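Colleague: Let me begin by handing over the structure; questions about it come next.
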Amino acid sequence: MKRYCQTLTIKADQESIERYLEVHRHVWPEIIDGQHEVGILSMEIYALENRLFMIVDTVDSFEWERDMARLALLPRQAEWEAYVSQFQGCDPSATSSQKWQMMDKIFDSKSAQEYSDK
C-alpha cells in the first residue's frame with residue numbers, strides 16, 4: 001500500500017467552511033466509485049478551521065500523476081472538482097493536483113522505534 005498526504009487551505013469565512021464540511025458528508029457515489037476504480041483504497045480529510053489535511057491510501061501500483069489523470073476523466077469527477085472549488089477559493093478548472101499540495105513525511109514513530117532498538 002502507498003500513502004499520500006496533502007494539504008489545502010480553503011476560504012477562511014465560516015459559511016464556506018461549513019458548506020465544504022457539509023458537502024463532504026454527502027459525497028456523490030460516482031466520486032467514491034471512481035477513486036476505487038483507479039486504485040485509491042481510502043481517502044480521509046481532516047479539518048482545522050480553514051486548513052485541510054488529506055490522507056490517500058492506494059494500491060502499490062498506483063502512480064499519482066498517471067492515476068489522478070485517469071480519475072479526472074471519469075464520470076462526474078470534473079463536475080465535482082468544479083463544485084468544491086467554490087469553497088476552496090480555487091479556479092473551477094483547476095485539477096485536484098493543482099489545488100492540493102503534496103506533503104513530505106518527516107517522522108514515522110514505527111521507523112523511529114526500529115532505529116532506536118538497534
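Starting from 1 in every chain, residues are counted up; chains themselves are A, B, ... following the order of the C-alpha cells, and ligands are numbered from 1 as listed.
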Sort by chain and increasing residue number a table of all residues of segment 21-97 of chain A within 8 Å of segment 7-13 of chain A, each with its closest pair of atoms and their distance in Å to one decimal, counting only C-alpha atoms, and write it as CSV.
Modeller:
```
residue,atom,partner,partner_atom,distance
A:Glu49,CA,A:Ala12,CA,7.6
A:Asn50,CA,A:Ile10,CA,5.2
A:Arg51,CA,A:Thr9,CA,4.6
A:Leu52,CA,A:Leu8,CA,5.2
A:Phe53,CA,A:Thr7,CA,4.6
A:Met54,CA,A:Thr7,CA,6.2
A:Phe87,CA,A:Lys11,CA,6.1
A:Gln88,CA,A:Ile10,CA,4.2
A:Gly89,CA,A:Lys11,CA,5.6
```
Colleague: What are the DSSP strand (DSSP E) residues of chain A, as an NGL selection string?
Modeller: :A and (2-9 or 40-48 or 51-58 or 101-102)
Colleague: Compare A:Ile106, A:Val38, A:Leu48, A:Ile31 by their minimum atom-to-atom distance to Glu81 of chain A, counting only C-alpha atoms, and give me the closest one.
Modeller: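 Between A:Ile106, A:Val38, A:Leu48, A:Ile31, the residue approaching Glu81 of chain A most closely is A:Ile31.
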Colleague: If I take atom CA of Glu65 of chain A and atom CA of Met102 of chain A, how far is one from the other in Å, to one decimal?
Modeller: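 Separation of atom CA of Glu65 of chain A and atom CA of Met102 of chain A: 11.6 Å.
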